[in-house]
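This report refers to the structure that appears directly beneath it.
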Amino acid sequence: MQYFLVIVLWAVFFYAFSRDRSRYRNCLLLFLALAATMIVGLLTAGNNTFVLGISVIYFTLLLVPIFLVWNGIVMIRREGAAPAHLLSLILGIVVEVGEIATFMAVMTPYSDRPESRIFAMASAAVGATVIYASLSFLMFMFYCIFLMIIPLRRDFDYVIVLGAGLREGMYPTKLLSDRVDKAIRVYHEDPTKPYMIPSGGKGNDERISEAEAMKRYMIEKGIPEEAIIPEDASRTTYENLVNSKKIIDERGGGRYIAIVTSNYHVYRALRYARRIGLNCTGIGSHVAYYFWPSALIREYIAIHAEKKHALIFLAGWLLLMFIVLMPMM
């Protein structure tokens, strides 16, 4: 019976994934399929293996905040103390506080005294909140990783490359050059040679547009100029895709379209593409190991800042608080 459940969960996930890769429900479905597979695998392996597996998971969770704090320190040393670079450090501290609160809620003796009840409820609420948010983030992270490792088709009509800032106002940054290098590999591996659409406007501190900088980089790397169609009017990811779609539609459309961006950014790009009716495949470029956690946290926050997902997240949290706190009242 347990094997049947695992098969059903994976079947449901792949069906939903094949219908639309940008749906948030895929994060939950993949997490459920992975969790069911792991639990059934441990149970099948025997009691000793099950206990060992649970112990490994438990101690891994204890190490997560330590890793996040360490990663945050590395991020600050290499990229500076900008607010966006503090996310890994902040999350590590929050998770550590949540783990301590959970431990205190479980281990602290509970009595009917008002101060004891308030302390117990506060500890339980903090611990449950951090666990809830952590599981939500894990679901998002696992799906983003899945998008990075799935096999990709090799036949595109257009490849859109999203901008990411310039160095000295006219040269691609490491983040942007990694995106362009990935797009160039896609071009060379494609048997029909797609059109390349470098997309990005000119910022206030930039001497040329990101699209122009990417175009020059592509030409230096051997891409024919006639195969490059710059889009240099956009200032956001959403505008990147809207303007690129206009170019494709004006040229008669394209059946197979790829979006190349940093691997942590693929999921949000696919969501925007679905919103404007752009049917495409997301392809992620390499990102430095120390940069990835903070960047992914930023993407998670951006997705959950959308009204629909903010309301769903809040509704789930309120339900959890009701379940956790009601027995203590």
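Naming works like this for the structure tokens: A, B, ... for the chains as they're shown, residue 1 at the start of each chain, ligands 1 onward in shown order.
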Might you pull out every residue within 12 Å of Phe313 of chain A, with only C-alpha atoms counted and same-chain residues fewer than 5 positions away left off, and present them as a ChimeraX atom specification? /A:24,129,132-133,135-137,300-301,303-308,318-320
List the neighbours of Leu63 of chain A out to 12 Å using only C-alpha atoms; skip same-chain residues closer than 4 positions along the sequence, and give me the result as a ChimeraX atom specification. /A:56-59,67-70,92-93,95-96,99
Spatial neighbours of Pro224 of chain A, 12 Å, only C-alpha atoms, chain gap at least 4 places, as a ChimeraX atom specification: /A:184,187-188,193-196,215-220,228-229
Now that the selection is made, can you save its residues with N, CA and C atoms as a PDB file, in the first residue's frame?
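Listed below is the output, selection18.pdb:
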ATOM      1  N   ILE A 184      24.988  30.937 -24.637  1.00  0.00           N
ATOM      2  CA  ILE A 184      25.873  30.612 -25.764  1.00  0.00           C
ATOM      3  C   ILE A 184      26.016  29.099 -25.912  1.00  0.00           C
ATOM      4  N   TYR A 187      22.970  27.861 -27.553  1.00  0.00           N
ATOM      5  CA  TYR A 187      23.026  28.183 -28.980  1.00  0.00           C
ATOM      6  C   TYR A 187      23.853  27.153 -29.742  1.00  0.00           C
ATOM      7  N   HIS A 188      25.019  26.845 -29.236  1.00  0.00           N
ATOM      8  CA  HIS A 188      25.913  25.924 -29.943  1.00  0.00           C
ATOM      9  C   HIS A 188      25.394  24.483 -29.926  1.00  0.00           C
ATOM     10  N   LYS A 193      20.037  26.469 -34.476  1.00  0.00           N
ATOM     11  CA  LYS A 193      20.585  27.785 -34.140  1.00  0.00           C
ATOM     12  C   LYS A 193      19.484  28.840 -33.954  1.00  0.00           C
ATOM     13  N   PRO A 194      19.100  29.085 -32.722  1.00  0.00           N
ATOM     14  CA  PRO A 194      18.023  30.031 -32.425  1.00  0.00           C
ATOM     15  C   PRO A 194      18.475  31.487 -32.521  1.00  0.00           C
ATOM     16  N   TYR A 195      17.506  32.396 -32.505  1.00  0.00           N
ATOM     17  CA  TYR A 195      17.805  33.812 -32.352  1.00  0.00           C
ATOM     18  C   TYR A 195      18.027  34.099 -30.867  1.00  0.00           C
ATOM     19  N   MET A 196      18.992  34.955 -30.581  1.00  0.00           N
ATOM     20  CA  MET A 196      19.319  35.319 -29.202  1.00  0.00           C
ATOM     21  C   MET A 196      18.723  36.694 -28.900  1.00  0.00           C
ATOM     22  N   LYS A 215      25.165  41.802 -26.060  1.00  0.00           N
ATOM     23  CA  LYS A 215      25.361  41.601 -27.496  1.00  0.00           C
ATOM     24  C   LYS A 215      26.851  41.623 -27.842  1.00  0.00           C
ATOM     25  N   ARG A 216      27.585  42.589 -27.322  1.00  0.00           N
ATOM     26  CA  ARG A 216      29.019  42.671 -27.586  1.00  0.00           C
ATOM     27  C   ARG A 216      29.736  41.428 -27.076  1.00  0.00           C
ATOM     28  N   TYR A 217      29.334  40.966 -25.904  1.00  0.00           N
ATOM     29  CA  TYR A 217      29.943  39.779 -25.307  1.00  0.00           C
ATOM     30  C   TYR A 217      29.680  38.560 -26.183  1.00  0.00           C
ATOM     31  N   MET A 218      28.441  38.438 -26.660  1.00  0.00           N
ATOM     32  CA  MET A 218      28.091  37.304 -27.518  1.00  0.00           C
ATOM     33  C   MET A 218      28.905  37.309 -28.809  1.00  0.00           C
ATOM     34  N   ILE A 219      29.044  38.477 -29.421  1.00  0.00           N
ATOM     35  CA  ILE A 219      29.809  38.572 -30.663  1.00  0.00           C
ATOM     36  C   ILE A 219      31.265  38.187 -30.429  1.00  0.00           C
ATOM     37  N   GLU A 220      31.837  38.629 -29.296  1.00  0.00           N
ATOM     38  CA  GLU A 220      33.210  38.254 -28.955  1.00  0.00           C
ATOM     39  C   GLU A 220      33.356  36.739 -28.803  1.00  0.00           C
ATOM     40  N   ILE A 228      21.425  37.978 -33.269  1.00  0.00           N
ATOM     41  CA  ILE A 228      21.188  38.649 -31.992  1.00  0.00           C
ATOM     42  C   ILE A 228      20.186  39.781 -32.187  1.00  0.00           C
ATOM     43  N   ILE A 229      19.129  39.776 -31.365  1.00  0.00           N
ATOM     44  CA  ILE A 229      18.089  40.809 -31.423  1.00  0.00           C
ATOM     45  C   ILE A 229      17.993  41.447 -30.038  1.00  0.00           C
TER      46      ILE A 229
END
Show me, as a tab-separated table, the residues of segment 107-169 of chain A having an atom within 12 Å of segment 241-252 of chain A, each with the closest atom pair and its distance in Å, using only C-alpha atoms.
residue	atom	partner	partner_atom	distance
A:Asp157	CA	A:Ile248	CA	9.5
A:Tyr158	CA	A:Ile248	CA	7.9
A:Val159	CA	A:Ser244	CA	9.8
A:Ile160	CA	A:Ser244	CA	7.2
A:Val161	CA	A:Ser244	CA	9.5
A:Leu162	CA	A:Leu241	CA	8.3
A:Gly163	CA	A:Leu241	CA	10.8
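With atom CA of Leu62 of chain A on one side and atom CA of Cys27 of chain A on the other, the separation reads 23.3 Å.
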So that I can see what lies close to Phe17 of chain A, please list as a PyMOL selection string the residues with an atom at most 12 Å from it, counting only C-alpha atoms and leaving out residues fewer than 2 positions away in the same chain. chain A and resi 10-15+19-30+143+146-147+150
May I have the selected residues written with N, CA and C atoms, as a CSV table (one decimal), in the first residue's frame?
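Full text of selection07.csv as output:
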chain,number,residue,atom,x,y,z
A,10,TRP,N,4.1,10.7,-7.0
A,10,TRP,CA,5.0,11.0,-8.1
A,10,TRP,C,4.2,11.2,-9.4
A,11,ALA,N,3.2,10.4,-9.6
A,11,ALA,CA,2.4,10.5,-10.9
A,11,ALA,C,1.7,11.9,-10.9
A,12,VAL,N,1.1,12.2,-9.7
A,12,VAL,CA,0.4,13.5,-9.6
A,12,VAL,C,1.3,14.7,-9.9
A,13,PHE,N,2.5,14.6,-9.2
A,13,PHE,CA,3.5,15.7,-9.4
A,13,PHE,C,3.9,15.8,-10.9
A,14,PHE,N,4.3,14.7,-11.5
A,14,PHE,CA,4.8,14.8,-12.9
A,14,PHE,C,3.6,15.3,-13.9
A,15,TYR,N,2.4,14.9,-13.5
A,15,TYR,CA,1.3,15.4,-14.4
A,15,TYR,C,1.1,16.9,-14.2
A,19,ARG,N,2.0,19.9,-17.1
A,19,ARG,CA,0.9,20.9,-17.5
A,19,ARG,C,1.4,22.3,-17.3
A,20,ASP,N,2.2,22.6,-16.3
A,20,ASP,CA,2.6,24.0,-16.1
A,20,ASP,C,3.7,24.0,-15.0
A,21,ARG,N,5.0,24.3,-15.4
A,21,ARG,CA,6.1,24.3,-14.5
A,21,ARG,C,6.1,25.4,-13.5
A,22,SER,N,5.3,26.5,-13.8
A,22,SER,CA,5.4,27.7,-13.0
A,22,SER,C,4.4,27.7,-11.8
A,23,ARG,N,3.6,26.7,-11.7
A,23,ARG,CA,2.6,26.6,-10.6
A,23,ARG,C,3.2,26.3,-9.3
A,24,TYR,N,2.8,27.1,-8.2
A,24,TYR,CA,3.4,26.9,-6.9
A,24,TYR,C,3.0,25.6,-6.3
A,25,ARG,N,1.9,25.0,-6.7
A,25,ARG,CA,1.5,23.7,-6.2
A,25,ARG,C,2.5,22.6,-6.5
A,26,ASN,N,3.3,22.8,-7.5
A,26,ASN,CA,4.4,21.8,-7.8
A,26,ASN,C,5.4,21.7,-6.7
A,27,CYS,N,5.6,22.8,-6.0
A,27,CYS,CA,6.5,22.8,-4.8
A,27,CYS,C,6.0,21.8,-3.8
A,28,LEU,N,4.7,21.9,-3.4
A,28,LEU,CA,4.1,21.1,-2.4
A,28,LEU,C,4.1,19.6,-2.9
A,29,LEU,N,3.7,19.4,-4.2
A,29,LEU,CA,3.6,18.0,-4.7
A,29,LEU,C,4.9,17.3,-4.7
A,30,LEU,N,6.0,18.0,-5.1
A,30,LEU,CA,7.3,17.4,-5.1
A,30,LEU,C,7.8,17.1,-3.7
A,143,TYR,N,12.1,22.5,-5.2
A,143,TYR,CA,11.5,22.6,-6.5
A,143,TYR,C,12.5,23.4,-7.4
A,146,PHE,N,15.1,21.1,-8.4
A,146,PHE,CA,14.6,20.2,-9.5
A,146,PHE,C,14.6,20.8,-10.8
A,147,LEU,N,14.2,22.1,-10.9
A,147,LEU,CA,14.2,22.8,-12.2
A,147,LEU,C,15.6,22.9,-12.7
A,150,ILE,N,16.6,18.9,-14.2
A,150,ILE,CA,15.8,18.2,-15.2
A,150,ILE,C,16.4,18.3,-16.6
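Of the residues under consideration (A:Arg78, A:His265, A:His309, A:Lys221), A:His265 shows the shortest atom-to-atom contact distance to Leu296 of chain A when counting only C-alpha atoms.
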What are the DSSP alpha helix (DSSP H) residues of segment 123-167 of chain A, as a VMD selection string? chain A and resid 123 to 149
Expected file contents, prior selection, C-alpha atoms, as a short mmCIF file (atom, residue, chain, number, x, y, z; two decimals), in the first residue's frame:
data_model
loop_
_atom_site.label_atom_id
_atom_site.label_comp_id
_atom_site.auth_asym_id
_atom_site.auth_seq_id
_atom_site.Cartn_x
_atom_site.Cartn_y
_atom_site.Cartn_z
CA SER A 123 7.56 29.09 22.96
CA ALA A 124 5.16 26.81 21.08
CA ALA A 125 4.01 29.66 18.80
CA VAL A 126 7.55 30.76 17.93
CA GLY A 127 8.74 27.19 17.37
CA ALA A 128 5.74 26.25 15.23
CA THR A 129 6.05 29.44 13.18
CA VAL A 130 9.71 28.84 12.38
CA ILE A 131 9.06 25.18 11.53
CA TYR A 132 6.16 26.20 9.28
CA ALA A 133 8.20 28.84 7.45
CA SER A 134 11.21 26.51 7.19
CA LEU A 135 9.13 23.73 5.62
CA SER A 136 7.60 26.22 3.21
CA PHE A 137 11.08 27.40 2.21
CA LEU A 138 12.33 23.81 1.84
CA MET A 139 9.47 23.03 -0.54
CA PHE A 140 10.41 26.05 -2.62
CA MET A 141 14.13 25.18 -2.53
CA PHE A 142 13.64 21.54 -3.56
CA TYR A 143 11.52 22.59 -6.52
CA CYS A 144 14.06 25.20 -7.64
CA ILE A 145 16.78 22.52 -7.46
CA PHE A 146 14.56 20.16 -9.46
CA LEU A 147 14.19 22.81 -12.16
CA MET A 148 17.99 23.03 -12.28
CA ILE A 149 18.62 19.31 -12.84
#
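Atom CA of Phe291 of chain A is positioned 13.3 Å from atom CA of Asp178 of chain A.
Taking only segment 223-292 of chain A, the residues that DSSP calls strand (DSSP E or B) from the backbone come to Ile228, Glu231, Ile257, Ala258, Ile259, Val260, Thr261, Ser262, Thr281, Gly282, Ile283, Gly284 and Ser285 of chain A.
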Neighbouring residues of Ser177 of chain A were defined as those with any atom within 12 Å, considering only C-alpha atoms; residues of the same chain fewer than 3 positions away were excluded. Please report them as a VMD selection string. chain A and resid 161 to 167 171 to 174 180 to 184 198 210 to 211 213 to 218 221 260 to 262 285 to 287
Please identify all polymer residues within 8 Å of Glu206 of chain A, counting only C-alpha atoms, omitting same-chain residues fewer than 3 positions from it, and present them as a PyMOL selection string. chain A and resi 166+168-170+202-203+209
